[in-house]
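File shown: data-v7.txt. Contents: compact mmCIF, N, CA and C atoms.
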```
# COMPACT_ATOMS: atom_id res chain seq x y z
N MET A 19 88.61 99.29 43.51
CA MET A 19 88.15 99.76 44.80
C MET A 19 87.54 101.15 44.64
N LEU A 20 86.59 101.46 45.47
CA LEU A 20 85.92 102.75 45.44
C LEU A 20 86.08 103.45 46.78
N VAL A 21 85.95 104.74 46.73
CA VAL A 21 85.87 105.54 47.95
C VAL A 21 84.66 106.44 47.79
N THR A 22 83.78 106.43 48.76
CA THR A 22 82.66 107.37 48.75
C THR A 22 82.95 108.46 49.76
N LYS A 23 82.62 109.66 49.38
CA LYS A 23 82.87 110.82 50.23
C LYS A 23 81.55 111.58 50.36
N LEU A 24 81.22 111.98 51.56
CA LEU A 24 80.00 112.74 51.80
C LEU A 24 80.03 114.04 51.01
N LYS A 25 78.94 114.32 50.31
CA LYS A 25 78.83 115.61 49.64
C LYS A 25 78.81 116.72 50.69
N ASP A 26 79.04 117.92 50.27
CA ASP A 26 78.95 119.07 51.15
C ASP A 26 77.59 119.08 51.85
N LYS A 27 77.58 119.26 53.16
CA LYS A 27 76.33 119.20 53.93
C LYS A 27 75.29 120.19 53.42
N ASP A 28 75.71 121.38 53.05
CA ASP A 28 74.76 122.37 52.54
C ASP A 28 74.12 121.90 51.24
N THR A 29 74.91 121.24 50.41
CA THR A 29 74.39 120.71 49.15
C THR A 29 73.33 119.65 49.41
N VAL A 30 73.63 118.73 50.31
CA VAL A 30 72.68 117.66 50.63
C VAL A 30 71.43 118.24 51.29
N ALA A 31 71.63 119.14 52.24
CA ALA A 31 70.49 119.75 52.94
C ALA A 31 69.58 120.49 51.97
N SER A 32 70.15 121.08 50.93
CA SER A 32 69.34 121.82 49.96
C SER A 32 68.45 120.90 49.13
N LEU A 33 68.77 119.63 49.07
CA LEU A 33 67.96 118.68 48.31
C LEU A 33 66.67 118.30 49.05
N ILE A 34 66.70 118.43 50.36
CA ILE A 34 65.56 117.99 51.17
C ILE A 34 64.49 119.06 51.18
N CYS A 35 63.35 118.73 50.61
CA CYS A 35 62.20 119.64 50.68
C CYS A 35 61.15 118.89 51.51
N GLY A 36 61.12 119.19 52.78
CA GLY A 36 60.23 118.46 53.68
C GLY A 36 61.03 117.47 54.50
N LYS A 37 60.65 116.19 54.41
CA LYS A 37 61.31 115.15 55.20
C LYS A 37 61.94 114.11 54.28
N ALA A 38 62.98 113.45 54.83
CA ALA A 38 63.71 112.45 54.05
C ALA A 38 63.77 111.12 54.78
N PHE A 39 63.76 110.05 54.01
CA PHE A 39 64.09 108.72 54.50
C PHE A 39 65.54 108.49 54.08
N ILE A 40 66.37 107.98 54.99
CA ILE A 40 67.80 107.83 54.73
C ILE A 40 68.17 106.36 54.59
N ILE A 41 68.98 106.07 53.58
CA ILE A 41 69.49 104.72 53.37
C ILE A 41 71.01 104.79 53.36
N ASN A 42 71.64 103.97 54.21
CA ASN A 42 73.09 103.85 54.27
C ASN A 42 73.51 102.49 53.76
N CYS A 43 74.51 102.46 52.91
CA CYS A 43 75.07 101.19 52.46
C CYS A 43 76.42 100.98 53.12
N HIS A 44 76.54 99.90 53.86
CA HIS A 44 77.82 99.53 54.46
C HIS A 44 78.32 98.24 53.83
N GLY A 45 77.94 98.01 52.59
CA GLY A 45 78.19 96.76 51.90
C GLY A 45 79.62 96.44 51.61
N CYS A 46 80.08 96.84 50.47
CA CYS A 46 81.40 96.45 49.99
C CYS A 46 82.46 96.89 50.99
N LYS A 47 83.05 95.95 51.66
CA LYS A 47 84.04 96.30 52.68
C LYS A 47 85.28 96.94 52.07
N GLU A 48 85.47 96.73 50.77
CA GLU A 48 86.61 97.37 50.11
C GLU A 48 86.30 98.80 49.71
N VAL A 49 85.06 99.25 49.90
CA VAL A 49 84.68 100.62 49.58
C VAL A 49 84.80 101.47 50.84
N GLY A 50 85.55 102.54 50.73
CA GLY A 50 85.64 103.47 51.85
C GLY A 50 84.32 104.22 51.98
N PHE A 51 83.73 104.25 53.16
CA PHE A 51 82.45 104.92 53.39
C PHE A 51 82.61 105.89 54.56
N PRO A 52 82.14 107.12 54.43
CA PRO A 52 82.30 108.12 55.49
C PRO A 52 81.31 107.90 56.63
N GLU A 53 81.44 106.77 57.30
CA GLU A 53 80.45 106.35 58.29
C GLU A 53 80.25 107.37 59.41
N ARG A 54 81.34 107.84 60.00
CA ARG A 54 81.23 108.79 61.11
C ARG A 54 80.59 110.11 60.66
N GLU A 55 81.07 110.64 59.52
CA GLU A 55 80.53 111.90 59.03
C GLU A 55 79.06 111.78 58.66
N ALA A 56 78.69 110.66 58.04
CA ALA A 56 77.30 110.44 57.66
C ALA A 56 76.42 110.36 58.91
N ALA A 57 76.87 109.64 59.93
CA ALA A 57 76.09 109.51 61.17
C ALA A 57 75.90 110.87 61.85
N GLU A 58 76.95 111.67 61.88
CA GLU A 58 76.85 113.01 62.49
C GLU A 58 75.85 113.88 61.73
N PHE A 59 75.93 113.85 60.41
CA PHE A 59 75.03 114.65 59.58
C PHE A 59 73.59 114.17 59.75
N GLN A 60 73.39 112.86 59.78
CA GLN A 60 72.05 112.32 59.96
C GLN A 60 71.46 112.71 61.31
N LYS A 61 72.29 112.74 62.35
CA LYS A 61 71.81 113.18 63.66
C LYS A 61 71.35 114.63 63.62
N GLU A 62 72.08 115.46 62.88
CA GLU A 62 71.67 116.86 62.72
C GLU A 62 70.30 116.95 62.05
N LEU A 63 70.13 116.18 60.97
CA LEU A 63 68.85 116.19 60.26
C LEU A 63 67.72 115.67 61.15
N GLU A 64 68.00 114.63 61.92
CA GLU A 64 66.99 114.08 62.83
C GLU A 64 66.60 115.10 63.89
N SER A 65 67.57 115.82 64.43
CA SER A 65 67.28 116.81 65.47
C SER A 65 66.44 117.97 64.92
N GLU A 66 66.51 118.18 63.60
CA GLU A 66 65.70 119.21 62.95
C GLU A 66 64.34 118.67 62.52
N GLY A 67 64.06 117.39 62.80
CA GLY A 67 62.78 116.79 62.44
C GLY A 67 62.62 116.51 60.96
N LYS A 68 63.74 116.33 60.25
CA LYS A 68 63.69 116.14 58.81
C LYS A 68 63.81 114.69 58.36
N VAL A 69 63.80 113.73 59.30
CA VAL A 69 64.02 112.33 58.95
C VAL A 69 62.84 111.49 59.39
N THR A 70 62.31 110.69 58.46
CA THR A 70 61.20 109.78 58.79
C THR A 70 61.70 108.40 59.21
N GLY A 71 62.92 108.07 58.84
CA GLY A 71 63.50 106.78 59.19
C GLY A 71 64.87 106.61 58.57
N VAL A 72 65.62 105.63 59.09
CA VAL A 72 66.96 105.34 58.59
C VAL A 72 67.08 103.83 58.41
N LEU A 73 67.56 103.42 57.26
CA LEU A 73 67.83 102.01 56.96
C LEU A 73 69.31 101.88 56.66
N THR A 74 70.00 101.06 57.44
CA THR A 74 71.41 100.80 57.21
C THR A 74 71.56 99.31 56.96
N MET A 75 72.16 98.98 55.82
CA MET A 75 72.33 97.57 55.48
C MET A 75 73.53 97.41 54.54
N ASP A 76 73.89 96.17 54.31
CA ASP A 76 74.96 95.86 53.38
C ASP A 76 74.41 95.70 51.98
N TYR A 77 75.18 96.08 51.01
CA TYR A 77 74.93 95.82 49.60
C TYR A 77 73.54 96.26 49.12
N ILE A 78 73.30 97.55 49.13
CA ILE A 78 72.01 98.02 48.61
C ILE A 78 71.95 97.89 47.10
N CYS A 79 73.06 97.52 46.48
CA CYS A 79 73.06 97.26 45.03
C CYS A 79 72.44 95.90 44.71
N ASN A 80 72.14 95.10 45.73
CA ASN A 80 71.45 93.82 45.52
C ASN A 80 69.96 94.10 45.47
N PRO A 81 69.35 94.09 44.27
CA PRO A 81 67.96 94.54 44.14
C PRO A 81 66.95 93.72 44.95
N ASP A 82 67.15 92.41 45.06
CA ASP A 82 66.20 91.60 45.82
C ASP A 82 66.26 91.92 47.31
N ASN A 83 67.47 92.06 47.83
CA ASN A 83 67.64 92.34 49.25
C ASN A 83 67.11 93.73 49.62
N ILE A 84 67.46 94.74 48.82
CA ILE A 84 67.00 96.09 49.14
C ILE A 84 65.49 96.22 48.94
N ALA A 85 64.93 95.53 47.94
CA ALA A 85 63.48 95.59 47.73
C ALA A 85 62.75 95.03 48.95
N LEU A 86 63.24 93.93 49.49
CA LEU A 86 62.63 93.34 50.68
C LEU A 86 62.69 94.32 51.85
N ASN A 87 63.85 94.91 52.08
CA ASN A 87 64.01 95.85 53.19
C ASN A 87 63.21 97.13 53.00
N LEU A 88 63.12 97.61 51.76
CA LEU A 88 62.30 98.80 51.51
C LEU A 88 60.83 98.50 51.78
N GLY A 89 60.38 97.30 51.43
CA GLY A 89 59.00 96.90 51.70
C GLY A 89 58.68 96.90 53.18
N LEU A 90 59.66 96.51 53.99
CA LEU A 90 59.45 96.49 55.44
C LEU A 90 59.39 97.89 56.04
N ARG A 91 59.88 98.88 55.32
CA ARG A 91 59.91 100.26 55.81
C ARG A 91 58.99 101.17 55.00
N LYS A 92 58.02 100.57 54.32
CA LYS A 92 57.14 101.29 53.39
C LYS A 92 56.49 102.52 54.03
N ASP A 93 55.97 102.40 55.24
CA ASP A 93 55.28 103.53 55.88
C ASP A 93 56.21 104.72 56.08
N GLU A 94 57.44 104.46 56.51
CA GLU A 94 58.40 105.55 56.73
C GLU A 94 58.81 106.19 55.39
N ILE A 95 58.93 105.36 54.36
CA ILE A 95 59.29 105.89 53.04
C ILE A 95 58.14 106.70 52.47
N ASP A 96 56.92 106.21 52.63
CA ASP A 96 55.75 106.95 52.13
C ASP A 96 55.61 108.31 52.82
N GLU A 97 55.98 108.38 54.08
CA GLU A 97 55.88 109.63 54.84
C GLU A 97 56.92 110.66 54.38
N ALA A 98 58.00 110.19 53.76
CA ALA A 98 59.09 111.07 53.33
C ALA A 98 58.78 111.72 51.99
N ASP A 99 59.34 112.91 51.81
CA ASP A 99 59.23 113.62 50.53
C ASP A 99 60.32 113.19 49.56
N CYS A 100 61.42 112.65 50.11
CA CYS A 100 62.52 112.19 49.28
C CYS A 100 63.31 111.13 50.04
N VAL A 101 64.23 110.51 49.34
CA VAL A 101 65.11 109.49 49.93
C VAL A 101 66.55 109.93 49.70
N LEU A 102 67.33 109.98 50.77
CA LEU A 102 68.76 110.29 50.68
C LEU A 102 69.52 108.98 50.76
N VAL A 103 70.38 108.73 49.79
CA VAL A 103 71.14 107.49 49.77
C VAL A 103 72.62 107.80 49.97
N PHE A 104 73.17 107.20 51.02
CA PHE A 104 74.59 107.34 51.34
C PHE A 104 75.29 106.08 50.84
N SER A 105 75.71 106.10 49.56
CA SER A 105 76.37 104.95 48.94
C SER A 105 77.05 105.41 47.67
N CYS A 106 77.59 104.43 46.94
CA CYS A 106 78.12 104.74 45.61
C CYS A 106 76.96 104.95 44.65
N GLY A 107 77.28 105.35 43.44
CA GLY A 107 76.25 105.63 42.44
C GLY A 107 75.42 104.42 42.05
N VAL A 108 76.00 103.22 42.10
CA VAL A 108 75.23 102.02 41.76
C VAL A 108 74.13 101.79 42.79
N GLY A 109 74.43 102.01 44.06
CA GLY A 109 73.40 101.88 45.10
C GLY A 109 72.28 102.88 44.92
N VAL A 110 72.64 104.11 44.59
CA VAL A 110 71.64 105.15 44.35
C VAL A 110 70.72 104.75 43.20
N GLN A 111 71.30 104.26 42.12
CA GLN A 111 70.50 103.86 40.97
C GLN A 111 69.60 102.66 41.27
N THR A 112 70.11 101.72 42.06
CA THR A 112 69.29 100.55 42.43
C THR A 112 68.08 100.99 43.24
N VAL A 113 68.29 101.84 44.24
CA VAL A 113 67.19 102.34 45.06
C VAL A 113 66.21 103.13 44.19
N SER A 114 66.72 103.98 43.34
CA SER A 114 65.87 104.80 42.48
C SER A 114 64.99 103.95 41.58
N SER A 115 65.54 102.85 41.08
CA SER A 115 64.75 101.98 40.19
C SER A 115 63.60 101.30 40.93
N LEU A 116 63.74 101.14 42.24
CA LEU A 116 62.71 100.49 43.04
C LEU A 116 61.70 101.48 43.62
N LEU A 117 62.07 102.74 43.68
CA LEU A 117 61.20 103.78 44.23
C LEU A 117 60.92 104.82 43.14
N GLU A 118 60.30 104.38 42.07
CA GLU A 118 60.11 105.25 40.90
C GLU A 118 59.26 106.49 41.18
N ASP A 119 58.39 106.44 42.19
CA ASP A 119 57.51 107.57 42.49
C ASP A 119 58.09 108.49 43.57
N LYS A 120 59.33 108.27 43.96
CA LYS A 120 59.95 109.03 45.04
C LYS A 120 61.24 109.66 44.52
N ARG A 121 61.49 110.90 44.92
CA ARG A 121 62.77 111.52 44.56
C ARG A 121 63.88 110.86 45.38
N VAL A 122 64.91 110.38 44.70
CA VAL A 122 66.03 109.70 45.35
C VAL A 122 67.29 110.50 45.04
N TYR A 123 68.02 110.88 46.10
CA TYR A 123 69.19 111.73 45.94
C TYR A 123 70.45 111.06 46.46
N ALA A 124 71.56 111.28 45.76
CA ALA A 124 72.88 110.81 46.18
C ALA A 124 73.44 111.78 47.21
N ALA A 125 73.82 111.25 48.37
CA ALA A 125 74.41 112.08 49.42
C ALA A 125 75.93 111.97 49.43
N CYS A 126 76.46 111.11 48.55
CA CYS A 126 77.91 110.90 48.48
C CYS A 126 78.40 111.04 47.04
N ASP A 127 79.67 111.32 46.92
CA ASP A 127 80.36 111.27 45.64
C ASP A 127 81.25 110.04 45.67
N THR A 128 81.48 109.44 44.50
CA THR A 128 82.26 108.22 44.41
C THR A 128 83.54 108.47 43.61
N TYR A 129 84.64 107.99 44.16
CA TYR A 129 85.95 108.12 43.52
C TYR A 129 86.50 106.74 43.26
N ALA A 130 87.11 106.57 42.11
CA ALA A 130 87.73 105.29 41.78
C ALA A 130 89.17 105.24 42.26
N VAL A 131 89.54 104.09 42.80
CA VAL A 131 90.94 103.79 43.09
C VAL A 131 91.17 102.36 42.59
N PRO A 132 92.38 101.98 42.26
CA PRO A 132 92.61 100.65 41.69
C PRO A 132 92.11 99.52 42.60
N GLY A 133 91.57 98.47 41.98
CA GLY A 133 91.10 97.30 42.71
C GLY A 133 89.70 96.93 42.30
N GLY A 134 89.13 95.92 42.96
CA GLY A 134 87.78 95.45 42.65
C GLY A 134 86.72 96.35 43.23
N GLN A 135 85.49 96.16 42.78
CA GLN A 135 84.39 96.97 43.28
C GLN A 135 83.07 96.24 43.14
N GLY A 136 82.15 96.52 44.04
CA GLY A 136 80.78 96.03 43.94
C GLY A 136 80.64 94.52 43.99
N VAL A 137 79.41 94.08 44.23
CA VAL A 137 79.14 92.65 44.29
C VAL A 137 78.05 92.24 43.34
N THR A 138 77.25 93.17 42.85
CA THR A 138 76.10 92.83 42.03
C THR A 138 76.28 93.38 40.62
N PRO A 139 76.46 92.49 39.64
CA PRO A 139 76.59 92.99 38.27
C PRO A 139 75.22 93.42 37.74
N LEU A 140 75.05 94.70 37.53
CA LEU A 140 73.79 95.26 37.05
C LEU A 140 74.04 96.08 35.79
N GLU A 141 72.97 96.53 35.18
CA GLU A 141 73.13 97.40 34.03
C GLU A 141 73.47 98.83 34.46
N PHE A 142 73.42 99.11 35.75
CA PHE A 142 73.75 100.44 36.24
C PHE A 142 75.26 100.65 36.17
N ASP A 143 75.63 101.89 35.96
CA ASP A 143 77.04 102.21 35.85
C ASP A 143 77.32 103.47 36.65
N CYS A 144 78.35 103.42 37.44
CA CYS A 144 78.82 104.60 38.17
C CYS A 144 80.13 105.01 37.53
N ARG A 145 80.21 106.23 37.07
CA ARG A 145 81.41 106.72 36.39
C ARG A 145 82.56 107.02 37.37
N GLN A 146 82.24 107.01 38.67
CA GLN A 146 83.25 107.25 39.72
C GLN A 146 84.00 108.54 39.46
N CYS A 147 83.24 109.58 39.10
CA CYS A 147 83.82 110.85 38.69
C CYS A 147 84.16 111.76 39.86
N GLY A 148 83.67 111.44 41.05
CA GLY A 148 83.96 112.28 42.20
C GLY A 148 83.02 113.44 42.38
N GLU A 149 82.03 113.55 41.47
CA GLU A 149 81.02 114.59 41.60
C GLU A 149 79.70 114.03 41.06
N CYS A 150 79.02 113.28 41.91
CA CYS A 150 77.82 112.55 41.48
C CYS A 150 76.75 113.51 40.99
N TYR A 151 76.33 113.31 39.76
CA TYR A 151 75.30 114.16 39.15
C TYR A 151 73.96 113.43 39.02
N LEU A 152 73.81 112.28 39.69
CA LEU A 152 72.54 111.56 39.60
C LEU A 152 71.37 112.39 40.13
N ASN A 153 71.62 113.35 41.00
CA ASN A 153 70.56 114.20 41.52
C ASN A 153 69.95 115.08 40.43
N LEU A 154 70.68 115.22 39.34
CA LEU A 154 70.22 116.07 38.24
C LEU A 154 69.62 115.28 37.10
N THR A 155 69.76 113.96 37.13
CA THR A 155 69.27 113.14 36.00
C THR A 155 68.10 112.28 36.39
```
For the structure just supplied, provide its representation as structure tokens.
Amino acid sequence: MLVTKLKDKDTVASLICGKAFIINCHGCKEVGFPEREAAEFQKELESEGKVTGVLTMDYICNPDNIALNLGLRKDEIDEADCVLVFSCGVGVQTVSSLLEDKRVYAACDTYAVPGGQGVTPLEFDCRQCGECYLNLT
């Protein structure tokens, strides 16, 4: 089982240079997701005019499903300077692999707790270290 925790708001806000498209993963029901905190933070960003769109869906680690949904939101993504992903590290990596020309940032840190995790076996790996460094790699 995994737990995702919202990164410090100042840290996430510092990643945004211009406008962001936001992706929320509510997929793995066994993964704890900071839904309320993420929604509050996203409202703050929207009120500041920093959001071009928001996509909330299950299992963004499913490459076919997320690719289809990203295609439907292409104009909003193109308008954004970066993409903020509120998910575990595997979701961030899946989105990043599909949006190679766009900066994709992790807005959450992932912590491991005993139990199962994820639904899509991919070559991506999340170390569940509690301090996601994908924004630097």
When DSSP works through the backbone of this structure, what residues of stretch 45-129 of chain A end up as alpha helix (DSSP H), shown as a PyMOL selection string? chain A and resi 53-65+81-90+92-97+107-116
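Residues with any atom within 6.5 Å of stretch 84-98 of chain A, counting all atoms listed in the file and excluding same-chain neighbours fewer than 5 positions away, are Lys37, Ala38, Phe39, Thr70, Gly71, Tyr77 and Ile78 of chain A.
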Atom N of A:Ala125 to atom CA of A:Ala57 measures 13.1 Å
Atom CA of A:Lys61 to atom CA of A:Glu118, distance in Å rounded to a single decimal: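 Straight-line distance from atom CA of A:Lys61 to atom CA of A:Glu118 works out to 26.8 Å.
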How far is it from atom CA of A:Thr29 to atom CA of A:Gly50, in Å with one decimal?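 Taking atom CA of A:Thr29 and atom CA of A:Gly50, their separation equals 20.8 Å.
Between A:Cys100 and the candidates A:Ala56, A:Leu73, A:Cys79, A:Leu33, the tightest atom-to-atom separation, counting only N, CA and C atoms, involves A:Leu33.
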For each of A:Val21, A:Asn80, A:Ile34, A:Tyr129, take the minimum atom-to-atom distance to A:Val110, counting only C-alpha atoms, then give the residue where this is smallest.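 Selected residue with least distance to A:Val110: A:Asn80.
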Rank nothing, just name the residue among A:Lys27, A:Lys68, A:Ser105, A:Thr74 nearest to A:Phe51, using all atoms listed in the file. A:Ser105
